[in-house]
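Chemist: One structure, as structure tokens, below. Some questions next.
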Amino acid sequence: MPELTRVPAGVDPSVPSSARVYDHLLGGKDNFEVDRAVAARLLQVAPDTRRVAKASRRFLISAVRHMALAGVQQFIDLGAGIPTSPSVHEAATEVRPGAKVVYVDYDPVVKLHNDVILAVGEGVISIQADLRDPAGVLGDSQVTAFIDFSEPVGLLLAGVMHFVTDEEDPAGIIRTFRDRMAPGSHLLLSQAVAESDPEALAQLRASTAGSPAQPTFRTHEEVLALFDGFDLVEPGLVPVQDWRPDLEEPPTKLRIEGGVGVLRQRAHR
């Protein structure tokens, strides 16, 4: 599989990126050898990791369609990752033409690819920003001009919160976004959990040690607490392959749980 032919400024191709590892697991080509090495080591211990990556993507797209059917027509995708079809904006506009999507990622490779999307579609903007700086995202001039926070918003945190450490206050990050969102807004969140196979967790930690992709695994109850202020829709917080599946799938060694919550009333802290 060929490497990226263009390395954006500020990108070190010797340091793995969670977005590029995920791209490789999904069969994409926008990754470096170091990213493929991380994925290969993980697959040695947990061969079903590629399957759970694809299930995570299906969960994201299915949940976006659910939100659109519920009336949400503007989305903020935090830690968006490298575009994969069907994309968030494709899923949203399929259900609700005219839907708007903001893609947010701090990785310059992701920004480069999302800029290409802008050349072919309306209702999409891309900003390079870090979800760990929610005030910066919410205060970005492009975001404030594009998103009407008096109307419901779909906030997407798909497979990114395990890269936010406890010291970086994941609950506080979500709370800052939540407090700007109107009633009827939705939160999508998925995260690798501590109830995964111990060998798979150990290998993932070892493979990403010293890199920005070092994960923090939380228990089911800890992830559930991140939905504070939101009412979970059925089936609740479950392994992503079990969130309204078309087919029954067996459990995977790396367990990623996901859920969708609805903000019923404005919460203040």
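Please note that chains go A, B, ... in the order of the structure tokens, that every chain numbers its residues from 1, and that ligands are numbered from 1 in the order shown.
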Do a neighbour search on Gly71 (chain A) at 12 Å with only C-alpha atoms, toss out local chain neighbours closer than 2 positions, and write the hits as a short mmCIF file (atom, residue, chain, number, x, y, z; two decimals) with all heavy atoms, in the first residue's frame.
Modeler:
data_model
loop_
_atom_site.label_atom_id
_atom_site.label_comp_id
_atom_site.auth_asym_id
_atom_site.auth_seq_id
_atom_site.Cartn_x
_atom_site.Cartn_y
_atom_site.Cartn_z
N VAL A 64 -25.78 9.18 12.91
CA VAL A 64 -25.99 10.47 12.24
C VAL A 64 -27.32 10.46 11.50
O VAL A 64 -28.08 11.44 11.55
CB VAL A 64 -24.82 10.76 11.27
CG1 VAL A 64 -25.17 11.91 10.30
CG2 VAL A 64 -23.57 11.11 12.06
N ARG A 65 -27.64 9.36 10.83
CA ARG A 65 -28.93 9.27 10.15
C ARG A 65 -30.07 9.34 11.16
O ARG A 65 -31.10 9.98 10.91
CB ARG A 65 -28.99 7.97 9.35
CG ARG A 65 -28.11 7.99 8.11
CD ARG A 65 -28.07 6.64 7.42
NE ARG A 65 -27.26 6.68 6.20
CZ ARG A 65 -26.52 5.68 5.75
NH1 ARG A 65 -26.48 4.54 6.43
NH2 ARG A 65 -25.82 5.80 4.64
N HIS A 66 -29.91 8.70 12.31
CA HIS A 66 -30.92 8.77 13.37
C HIS A 66 -31.12 10.22 13.81
O HIS A 66 -32.27 10.67 13.97
CB HIS A 66 -30.48 7.91 14.56
CG HIS A 66 -31.26 8.18 15.80
ND1 HIS A 66 -32.49 7.60 16.06
CD2 HIS A 66 -31.01 9.00 16.87
CE1 HIS A 66 -32.96 8.03 17.21
NE2 HIS A 66 -32.07 8.87 17.73
N MET A 67 -30.04 10.95 14.01
CA MET A 67 -30.14 12.35 14.42
C MET A 67 -30.86 13.19 13.38
O MET A 67 -31.72 14.02 13.70
CB MET A 67 -28.74 12.92 14.68
CG MET A 67 -28.00 12.33 15.84
SD MET A 67 -26.40 13.15 16.02
CE MET A 67 -25.61 12.06 17.22
N ALA A 68 -30.49 12.96 12.12
CA ALA A 68 -31.12 13.72 11.04
C ALA A 68 -32.62 13.44 10.97
O ALA A 68 -33.43 14.35 10.79
CB ALA A 68 -30.45 13.40 9.71
N LEU A 69 -33.00 12.18 11.16
CA LEU A 69 -34.42 11.83 11.17
C LEU A 69 -35.14 12.48 12.35
O LEU A 69 -36.33 12.77 12.28
CB LEU A 69 -34.58 10.31 11.23
CG LEU A 69 -34.29 9.55 9.94
CD1 LEU A 69 -34.21 8.06 10.20
CD2 LEU A 69 -35.36 9.85 8.88
N GLN A 73 -30.09 19.15 11.87
CA GLN A 73 -29.59 19.45 10.53
C GLN A 73 -28.26 20.21 10.54
O GLN A 73 -27.83 20.73 9.52
CB GLN A 73 -30.63 20.21 9.71
CG GLN A 73 -31.16 21.48 10.33
CD GLN A 73 -32.28 22.06 9.48
OE1 GLN A 73 -32.73 21.46 8.49
NE2 GLN A 73 -32.74 23.24 9.84
N GLN A 74 -27.60 20.23 11.71
CA GLN A 74 -26.25 20.80 11.78
C GLN A 74 -25.43 19.96 12.75
O GLN A 74 -25.91 19.55 13.81
CB GLN A 74 -26.27 22.27 12.17
CG GLN A 74 -27.19 22.64 13.29
CD GLN A 74 -27.25 24.14 13.55
OE1 GLN A 74 -26.64 24.96 12.84
NE2 GLN A 74 -27.94 24.53 14.58
N PHE A 75 -24.20 19.66 12.33
CA PHE A 75 -23.36 18.70 13.04
C PHE A 75 -21.96 19.26 13.21
O PHE A 75 -21.44 19.94 12.32
CB PHE A 75 -23.27 17.39 12.25
CG PHE A 75 -24.60 16.70 12.05
CD1 PHE A 75 -25.45 17.08 11.02
CD2 PHE A 75 -25.01 15.68 12.90
CE1 PHE A 75 -26.67 16.46 10.83
CE2 PHE A 75 -26.23 15.05 12.72
CZ PHE A 75 -27.07 15.44 11.69
N ALA A 92 -25.82 12.70 6.50
CA ALA A 92 -26.76 13.71 6.99
C ALA A 92 -27.62 14.28 5.87
O ALA A 92 -28.84 14.40 6.00
CB ALA A 92 -25.99 14.83 7.69
N THR A 93 -26.99 14.60 4.73
CA THR A 93 -27.75 15.21 3.64
C THR A 93 -28.63 14.21 2.91
O THR A 93 -29.61 14.58 2.28
CB THR A 93 -26.81 15.90 2.64
OG1 THR A 93 -25.83 14.96 2.16
CG2 THR A 93 -26.10 17.08 3.28
N VAL A 95 -30.53 12.14 4.38
CA VAL A 95 -31.78 12.18 5.13
C VAL A 95 -32.37 13.58 5.15
O VAL A 95 -33.58 13.77 5.02
CB VAL A 95 -31.55 11.71 6.58
CG1 VAL A 95 -32.82 11.84 7.41
CG2 VAL A 95 -31.06 10.27 6.59
N ARG A 96 -31.51 14.58 5.30
CA ARG A 96 -31.97 15.95 5.46
C ARG A 96 -31.16 16.87 4.54
O ARG A 96 -30.12 17.41 4.94
CB ARG A 96 -31.81 16.38 6.93
CG ARG A 96 -32.52 17.68 7.28
CD ARG A 96 -32.69 17.79 8.78
NE ARG A 96 -33.61 16.80 9.31
CZ ARG A 96 -34.93 16.93 9.31
NH1 ARG A 96 -35.48 18.01 8.80
NH2 ARG A 96 -35.69 15.96 9.81
N PRO A 97 -31.61 17.04 3.29
CA PRO A 97 -30.90 17.92 2.36
C PRO A 97 -30.73 19.32 2.98
O PRO A 97 -31.62 19.83 3.63
CB PRO A 97 -31.82 17.95 1.15
CG PRO A 97 -32.58 16.66 1.21
CD PRO A 97 -32.79 16.41 2.68
N GLY A 98 -29.56 19.88 2.76
CA GLY A 98 -29.27 21.19 3.34
C GLY A 98 -28.61 21.12 4.70
O GLY A 98 -28.30 22.15 5.30
N ALA A 99 -28.37 19.90 5.20
CA ALA A 99 -27.68 19.76 6.48
C ALA A 99 -26.27 20.35 6.39
O ALA A 99 -25.64 20.37 5.33
CB ALA A 99 -27.61 18.29 6.89
N GLU A 151 -30.45 26.48 17.61
CA GLU A 151 -31.12 25.31 17.05
C GLU A 151 -30.33 24.05 17.42
O GLU A 151 -29.14 24.11 17.73
CB GLU A 151 -31.20 25.43 15.52
CG GLU A 151 -32.05 26.61 15.03
CD GLU A 151 -33.52 26.43 15.36
OE1 GLU A 151 -33.98 25.26 15.45
OE2 GLU A 151 -34.21 27.45 15.52
N PRO A 152 -30.99 22.87 17.40
CA PRO A 152 -30.29 21.64 17.79
C PRO A 152 -29.04 21.37 16.95
O PRO A 152 -29.00 21.65 15.75
CB PRO A 152 -31.35 20.56 17.56
CG PRO A 152 -32.64 21.26 17.75
CD PRO A 152 -32.42 22.63 17.16
N VAL A 153 -28.05 20.83 17.62
CA VAL A 153 -26.77 20.48 17.01
C VAL A 153 -26.47 19.01 17.32
O VAL A 153 -26.78 18.53 18.41
CB VAL A 153 -25.62 21.36 17.56
CG1 VAL A 153 -24.27 20.90 17.05
CG2 VAL A 153 -25.85 22.83 17.24
N GLY A 154 -25.89 18.31 16.37
CA GLY A 154 -25.39 16.96 16.62
C GLY A 154 -23.90 17.04 16.89
O GLY A 154 -23.13 17.39 16.00
N PRO A 183 -31.82 22.71 23.53
CA PRO A 183 -32.58 21.49 23.78
C PRO A 183 -32.91 20.79 22.46
O PRO A 183 -33.19 21.43 21.45
CB PRO A 183 -33.85 22.00 24.47
CG PRO A 183 -33.42 23.29 25.11
CD PRO A 183 -32.43 23.90 24.16
N GLY A 184 -32.86 19.47 22.50
CA GLY A 184 -33.06 18.69 21.28
C GLY A 184 -31.77 18.37 20.57
O GLY A 184 -31.75 17.58 19.61
N SER A 185 -30.65 18.95 21.05
CA SER A 185 -29.35 18.60 20.50
C SER A 185 -29.00 17.17 20.89
O SER A 185 -29.53 16.62 21.86
CB SER A 185 -28.27 19.56 21.03
OG SER A 185 -28.43 20.87 20.51
N HIS A 186 -28.11 16.56 20.11
CA HIS A 186 -27.71 15.18 20.34
C HIS A 186 -26.21 15.09 20.57
O HIS A 186 -25.43 15.85 19.97
CB HIS A 186 -28.06 14.30 19.13
CG HIS A 186 -29.53 14.00 18.99
ND1 HIS A 186 -30.48 14.98 18.88
CD2 HIS A 186 -30.19 12.81 18.91
CE1 HIS A 186 -31.68 14.41 18.74
NE2 HIS A 186 -31.52 13.11 18.76
N VAL A 262 -29.75 12.68 24.07
CA VAL A 262 -30.52 13.86 23.65
C VAL A 262 -30.56 14.85 24.81
O VAL A 262 -30.88 14.47 25.95
CB VAL A 262 -31.96 13.49 23.24
CG1 VAL A 262 -32.72 14.72 22.77
CG2 VAL A 262 -31.96 12.42 22.16
#
Chemist: Dump as a Markdown table the rows for residues of region 101-194 of chain A within 10 Å of region 225-231 of chain A: closest atom pair and distance in Å with one decimal, only C-alpha atoms counted, ordered by chain and rising residue number.
Modeler:
| residue | atom | partner | partner_atom | distance |
| --- | --- | --- | --- | --- |
| A:Met161 | CA | A:Leu226 | CA | 9.8 |
| A:Pro170 | CA | A:Leu226 | CA | 7.5 |
| A:Ala171 | CA | A:Leu226 | CA | 5.5 |
| A:Gly172 | CA | A:Leu226 | CA | 9.0 |
| A:Ile173 | CA | A:Leu226 | CA | 9.7 |
| A:Ile174 | CA | A:Leu226 | CA | 7.3 |
| A:Arg175 | CA | A:Asp228 | CA | 8.1 |
| A:Arg178 | CA | A:Gly229 | CA | 8.0 |
| A:Asp179 | CA | A:Gly229 | CA | 9.5 |
| A:Pro183 | CA | A:Phe230 | CA | 9.7 |
| A:Gly184 | CA | A:Phe230 | CA | 9.6 |
| A:Ser185 | CA | A:Phe230 | CA | 9.0 |
| A:His186 | CA | A:Phe230 | CA | 7.9 |
| A:Leu187 | CA | A:Phe230 | CA | 7.5 |
| A:Leu188 | CA | A:Phe227 | CA | 9.1 |
| A:Leu189 | CA | A:Phe227 | CA | 8.3 |
Chemist: For the residues in the current selection, export N, CA and C atoms as a compact mmCIF listing (two decimals), in the first residue's frame.
Modeler:
# COMPACT_ATOMS: atom_id res chain seq x y z
N MET A 161 -12.54 10.09 22.48
CA MET A 161 -12.39 10.45 23.89
C MET A 161 -11.37 9.57 24.61
N PRO A 170 -12.20 15.22 30.44
CA PRO A 170 -13.15 14.92 29.36
C PRO A 170 -14.57 15.37 29.68
N ALA A 171 -14.99 15.23 30.95
CA ALA A 171 -16.34 15.66 31.32
C ALA A 171 -16.49 17.17 31.15
N GLY A 172 -15.45 17.91 31.52
CA GLY A 172 -15.50 19.36 31.38
C GLY A 172 -15.54 19.80 29.92
N ILE A 173 -14.83 19.08 29.06
CA ILE A 173 -14.85 19.38 27.62
C ILE A 173 -16.27 19.24 27.08
N ILE A 174 -16.89 18.10 27.39
CA ILE A 174 -18.25 17.86 26.90
C ILE A 174 -19.22 18.88 27.50
N ARG A 175 -19.04 19.20 28.78
CA ARG A 175 -19.93 20.16 29.44
C ARG A 175 -19.87 21.54 28.76
N ARG A 178 -21.86 21.21 25.69
CA ARG A 178 -23.27 21.01 26.06
C ARG A 178 -23.94 22.32 26.45
N ASP A 179 -23.21 23.16 27.18
CA ASP A 179 -23.82 24.39 27.67
C ASP A 179 -24.08 25.42 26.58
N PRO A 183 -31.82 22.71 23.53
CA PRO A 183 -32.58 21.49 23.78
C PRO A 183 -32.91 20.79 22.46
N GLY A 184 -32.86 19.47 22.50
CA GLY A 184 -33.06 18.69 21.28
C GLY A 184 -31.77 18.37 20.57
N SER A 185 -30.65 18.95 21.05
CA SER A 185 -29.35 18.60 20.50
C SER A 185 -29.00 17.17 20.89
N HIS A 186 -28.11 16.56 20.11
CA HIS A 186 -27.71 15.18 20.34
C HIS A 186 -26.21 15.09 20.57
N LEU A 187 -25.81 14.15 21.41
CA LEU A 187 -24.41 13.81 21.61
C LEU A 187 -24.18 12.37 21.20
N LEU A 188 -23.25 12.15 20.29
CA LEU A 188 -22.78 10.81 19.93
C LEU A 188 -21.41 10.64 20.54
N LEU A 189 -21.21 9.56 21.26
CA LEU A 189 -19.91 9.31 21.89
C LEU A 189 -19.60 7.82 21.82
Chemist: DSSP says strand (DSSP E or B) for which residues of region 84-135 of chain A? Put them as a list of chain:residue names?
Modeler: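 For region 84-135 of chain A, the strand (DSSP E or B) set is A:Lys100, A:Val101, A:Val102, A:Tyr103, A:Val104, A:Asp105, A:Val124, A:Ile125, A:Ser126, A:Ile127, A:Gln128.
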Chemist: Considering only C-alpha atoms, state which residue in the set A:Asp35, A:Val233, A:Gln241, A:Arg180 is at the smallest distance from Gln265 (chain A).
Modeler: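 When distances to Gln265 (chain A) are compared using only C-alpha atoms, the smallest one comes from A:Arg180.
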Chemist: Go ahead and compute the interatomic distance for CA of Pro239 (chain A) and CA of Arg255 (chain A), in Å to one decimal.
Modeler: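 Those two atoms sit 6.5 Å apart.
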Chemist: I'd like to know which of A:Gln142, A:Thr216, A:Ser85, A:Thr49 is closest to Leu254 (chain A), using only C-alpha atoms.
Modeler: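 Using only C-alpha atoms, Leu254 (chain A) sits closest to A:Thr49.
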Chemist: Smallest atom-to-atom distance to Leu138 (chain A): which of A:Phe32, A:Trp243, A:Phe177, A:Tyr103, using only C-alpha atoms?
Modeler: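 When distances to Leu138 (chain A) are compared using only C-alpha atoms, the smallest one comes from A:Phe177.
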Chemist: I'd like to know which of A:Gly159, A:Gly136, A:Pro86, A:Gly123 is closest to Val102 (chain A), using only C-alpha atoms.
Modeler: A:Gly123
Chemist: Just checking: using only C-alpha atoms, which residue out of A:Arg57, A:Ser87, A:Ile76, A:Gly259 ends up closest to Phe149 (chain A)?
Modeler: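 Nearest to Phe149 (chain A): A:Ile76.
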Chemist: I want to know what sits within 10 Å of Pro235 (chain A), based on only C-alpha atoms, with residues of the same chain fewer than 3 positions away left out; could you give that as a PDB file with N, CA and C atoms, in the first residue's frame?
Modeler:
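Output saved as result-v4.pdb:
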ATOM      1  N   LEU A 232     -30.053   9.046  27.219  1.00  0.00           N
ATOM      2  CA  LEU A 232     -29.642   8.063  26.219  1.00  0.00           C
ATOM      3  C   LEU A 232     -30.848   7.489  25.482  1.00  0.00           C
ATOM      4  N   VAL A 238     -23.698   0.705  24.472  1.00  0.00           N
ATOM      5  CA  VAL A 238     -23.464  -0.706  24.165  1.00  0.00           C
ATOM      6  C   VAL A 238     -22.262  -0.832  23.235  1.00  0.00           C
ATOM      7  N   ASP A 242     -23.455  -3.559  18.470  1.00  0.00           N
ATOM      8  CA  ASP A 242     -24.790  -3.892  18.979  1.00  0.00           C
ATOM      9  C   ASP A 242     -25.744  -2.701  18.953  1.00  0.00           C
ATOM     10  N   TRP A 243     -25.286  -1.557  18.424  1.00  0.00           N
ATOM     11  CA  TRP A 243     -26.151  -0.384  18.382  1.00  0.00           C
ATOM     12  C   TRP A 243     -27.031  -0.474  17.126  1.00  0.00           C
ATOM     13  N   ARG A 244     -28.263  -0.959  17.312  1.00  0.00           N
ATOM     14  CA  ARG A 244     -29.237  -1.102  16.232  1.00  0.00           C
ATOM     15  C   ARG A 244     -28.647  -1.812  15.011  1.00  0.00           C
ATOM     16  N   GLY A 258     -20.584   2.598  22.354  1.00  0.00           N
ATOM     17  CA  GLY A 258     -21.107   3.850  21.832  1.00  0.00           C
ATOM     18  C   GLY A 258     -22.542   4.064  22.235  1.00  0.00           C
ATOM     19  N   GLY A 259     -22.937   5.312  22.218  1.00  0.00           N
ATOM     20  CA  GLY A 259     -24.320   5.660  22.528  1.00  0.00           C
ATOM     21  C   GLY A 259     -24.655   7.031  21.992  1.00  0.00           C
ATOM     22  N   VAL A 260     -25.947   7.348  22.010  1.00  0.00           N
ATOM     23  CA  VAL A 260     -26.446   8.647  21.555  1.00  0.00           C
ATOM     24  C   VAL A 260     -27.356   9.198  22.643  1.00  0.00           C
TER      25      VAL A 260
END
Chemist: Tell me, in Å to one decimal, how far CA of Arg205 (chain A) is from CA of Asp166 (chain A).
Modeler: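 CA of Arg205 (chain A) sits 15.7 Å away from CA of Asp166 (chain A).
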Chemist: Go through region 173-208 of chain A and collect every residue that DSSP, computed from the backbone, puts in helix (DSSP H, G or I); the answer should be as a list of chain:residue names.
Modeler: A:Ile173, A:Ile174, A:Arg175, A:Thr176, A:Phe177, A:Arg178, A:Pro198, A:Glu199, A:Ala200, A:Leu201, A:Ala202, A:Gln203, A:Leu204, A:Arg205, A:Ala206, A:Ser207, A:Thr208
Chemist: Do a neighbour search on Asp197 (chain A) at 9 Å with only C-alpha atoms, toss out local chain neighbours closer than 3 positions, and write the hits as a PDB file with all heavy atoms, in the first residue's frame.
Modeler:
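Result written to out-v6.pdb:
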ATOM      1  N   ALA A  46      -5.206  -8.879  18.600  1.00  0.00           N
ATOM      2  CA  ALA A  46      -6.664  -8.828  18.467  1.00  0.00           C
ATOM      3  C   ALA A  46      -7.014  -8.760  16.984  1.00  0.00           C
ATOM      4  O   ALA A  46      -7.228  -7.678  16.428  1.00  0.00           O
ATOM      5  CB  ALA A  46      -7.224  -7.615  19.209  1.00  0.00           C
ATOM      6  N   ALA A 194     -12.388  -0.192  29.335  1.00  0.00           N
ATOM      7  CA  ALA A 194     -11.472  -1.001  30.136  1.00  0.00           C
ATOM      8  C   ALA A 194     -11.895  -2.459  30.206  1.00  0.00           C
ATOM      9  O   ALA A 194     -11.081  -3.322  30.568  1.00  0.00           O
ATOM     10  CB  ALA A 194     -11.382  -0.411  31.543  1.00  0.00           C
ATOM     11  N   ALA A 200      -5.155  -7.232  24.537  1.00  0.00           N
ATOM     12  CA  ALA A 200      -5.347  -6.241  23.482  1.00  0.00           C
ATOM     13  C   ALA A 200      -5.069  -4.838  24.012  1.00  0.00           C
ATOM     14  O   ALA A 200      -4.439  -4.013  23.334  1.00  0.00           O
ATOM     15  CB  ALA A 200      -6.757  -6.327  22.921  1.00  0.00           C
ATOM     16  N   LEU A 201      -5.514  -4.549  25.228  1.00  0.00           N
ATOM     17  CA  LEU A 201      -5.262  -3.236  25.823  1.00  0.00           C
ATOM     18  C   LEU A 201      -3.770  -3.012  26.046  1.00  0.00           C
ATOM     19  O   LEU A 201      -3.244  -1.932  25.773  1.00  0.00           O
ATOM     20  CB  LEU A 201      -6.014  -3.107  27.154  1.00  0.00           C
ATOM     21  CG  LEU A 201      -7.537  -3.144  27.118  1.00  0.00           C
ATOM     22  CD1 LEU A 201      -8.103  -2.825  28.494  1.00  0.00           C
ATOM     23  CD2 LEU A 201      -8.094  -2.172  26.082  1.00  0.00           C
ATOM     24  N   ALA A 202      -3.093  -4.044  26.538  1.00  0.00           N
ATOM     25  CA  ALA A 202      -1.655  -3.919  26.788  1.00  0.00           C
ATOM     26  C   ALA A 202      -0.895  -3.666  25.496  1.00  0.00           C
ATOM     27  O   ALA A 202       0.034  -2.840  25.451  1.00  0.00           O
ATOM     28  CB  ALA A 202      -1.136  -5.183  27.476  1.00  0.00           C
ATOM     29  N   THR A 252     -15.872  -8.476  20.222  1.00  0.00           N
ATOM     30  CA  THR A 252     -14.483  -8.328  19.778  1.00  0.00           C
ATOM     31  C   THR A 252     -13.581  -8.129  20.993  1.00  0.00           C
ATOM     32  O   THR A 252     -14.032  -7.702  22.058  1.00  0.00           O
ATOM     33  CB  THR A 252     -14.344  -7.120  18.835  1.00  0.00           C
ATOM     34  OG1 THR A 252     -14.906  -5.963  19.473  1.00  0.00           O
ATOM     35  CG2 THR A 252     -15.055  -7.378  17.525  1.00  0.00           C
ATOM     36  N   LYS A 253     -12.292  -8.438  20.815  1.00  0.00           N
ATOM     37  CA  LYS A 253     -11.349  -8.303  21.928  1.00  0.00           C
ATOM     38  C   LYS A 253     -11.195  -6.847  22.348  1.00  0.00           C
ATOM     39  O   LYS A 253     -11.155  -6.543  23.552  1.00  0.00           O
ATOM     40  CB  LYS A 253      -9.992  -8.901  21.544  1.00  0.00           C
ATOM     41  CG  LYS A 253      -9.984 -10.416  21.510  1.00  0.00           C
ATOM     42  CD  LYS A 253      -8.566 -10.948  21.416  1.00  0.00           C
ATOM     43  CE  LYS A 253      -8.533 -12.457  21.578  1.00  0.00           C
ATOM     44  NZ  LYS A 253      -7.154 -12.990  21.588  1.00  0.00           N
ATOM     45  N   LEU A 254     -11.036  -5.953  21.372  1.00  0.00           N
ATOM     46  CA  LEU A 254     -11.029  -4.533  21.682  1.00  0.00           C
ATOM     47  C   LEU A 254     -12.479  -4.089  21.684  1.00  0.00           C
ATOM     48  O   LEU A 254     -13.142  -4.101  20.657  1.00  0.00           O
ATOM     49  CB  LEU A 254     -10.222  -3.740  20.653  1.00  0.00           C
ATOM     50  CG  LEU A 254     -10.175  -2.227  20.893  1.00  0.00           C
ATOM     51  CD1 LEU A 254      -9.519  -1.918  22.237  1.00  0.00           C
ATOM     52  CD2 LEU A 254      -9.437  -1.522  19.763  1.00  0.00           C
ATOM     53  N   ARG A 255     -12.976  -3.699  22.849  1.00  0.00           N
ATOM     54  CA  ARG A 255     -14.388  -3.360  22.987  1.00  0.00           C
ATOM     55  C   ARG A 255     -14.563  -1.845  22.934  1.00  0.00           C
ATOM     56  O   ARG A 255     -14.006  -1.116  23.755  1.00  0.00           O
ATOM     57  CB  ARG A 255     -14.921  -3.914  24.306  1.00  0.00           C
ATOM     58  CG  ARG A 255     -16.384  -3.606  24.575  1.00  0.00           C
ATOM     59  CD  ARG A 255     -16.886  -4.438  25.740  1.00  0.00           C
ATOM     60  NE  ARG A 255     -18.203  -4.028  26.181  1.00  0.00           N
ATOM     61  CZ  ARG A 255     -18.971  -4.735  27.001  1.00  0.00           C
ATOM     62  NH1 ARG A 255     -18.536  -5.896  27.456  1.00  0.00           N
ATOM     63  NH2 ARG A 255     -20.143  -4.299  27.376  1.00  0.00           N
TER      64      ARG A 255
END
Chemist: CA of Val143 (chain A) to CA of Asp107 (chain A): how many Å, to one decimal?
Modeler: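 We find that CA of Val143 (chain A) and CA of Asp107 (chain A) lie 18.0 Å from each other.
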Chemist: Return the single residue from A:Gly261, A:Phe59, A:Arg218, A:Leu155 that is closest to Glu234 (chain A), with distances computed using only C-alpha atoms.
Modeler: A:Gly261
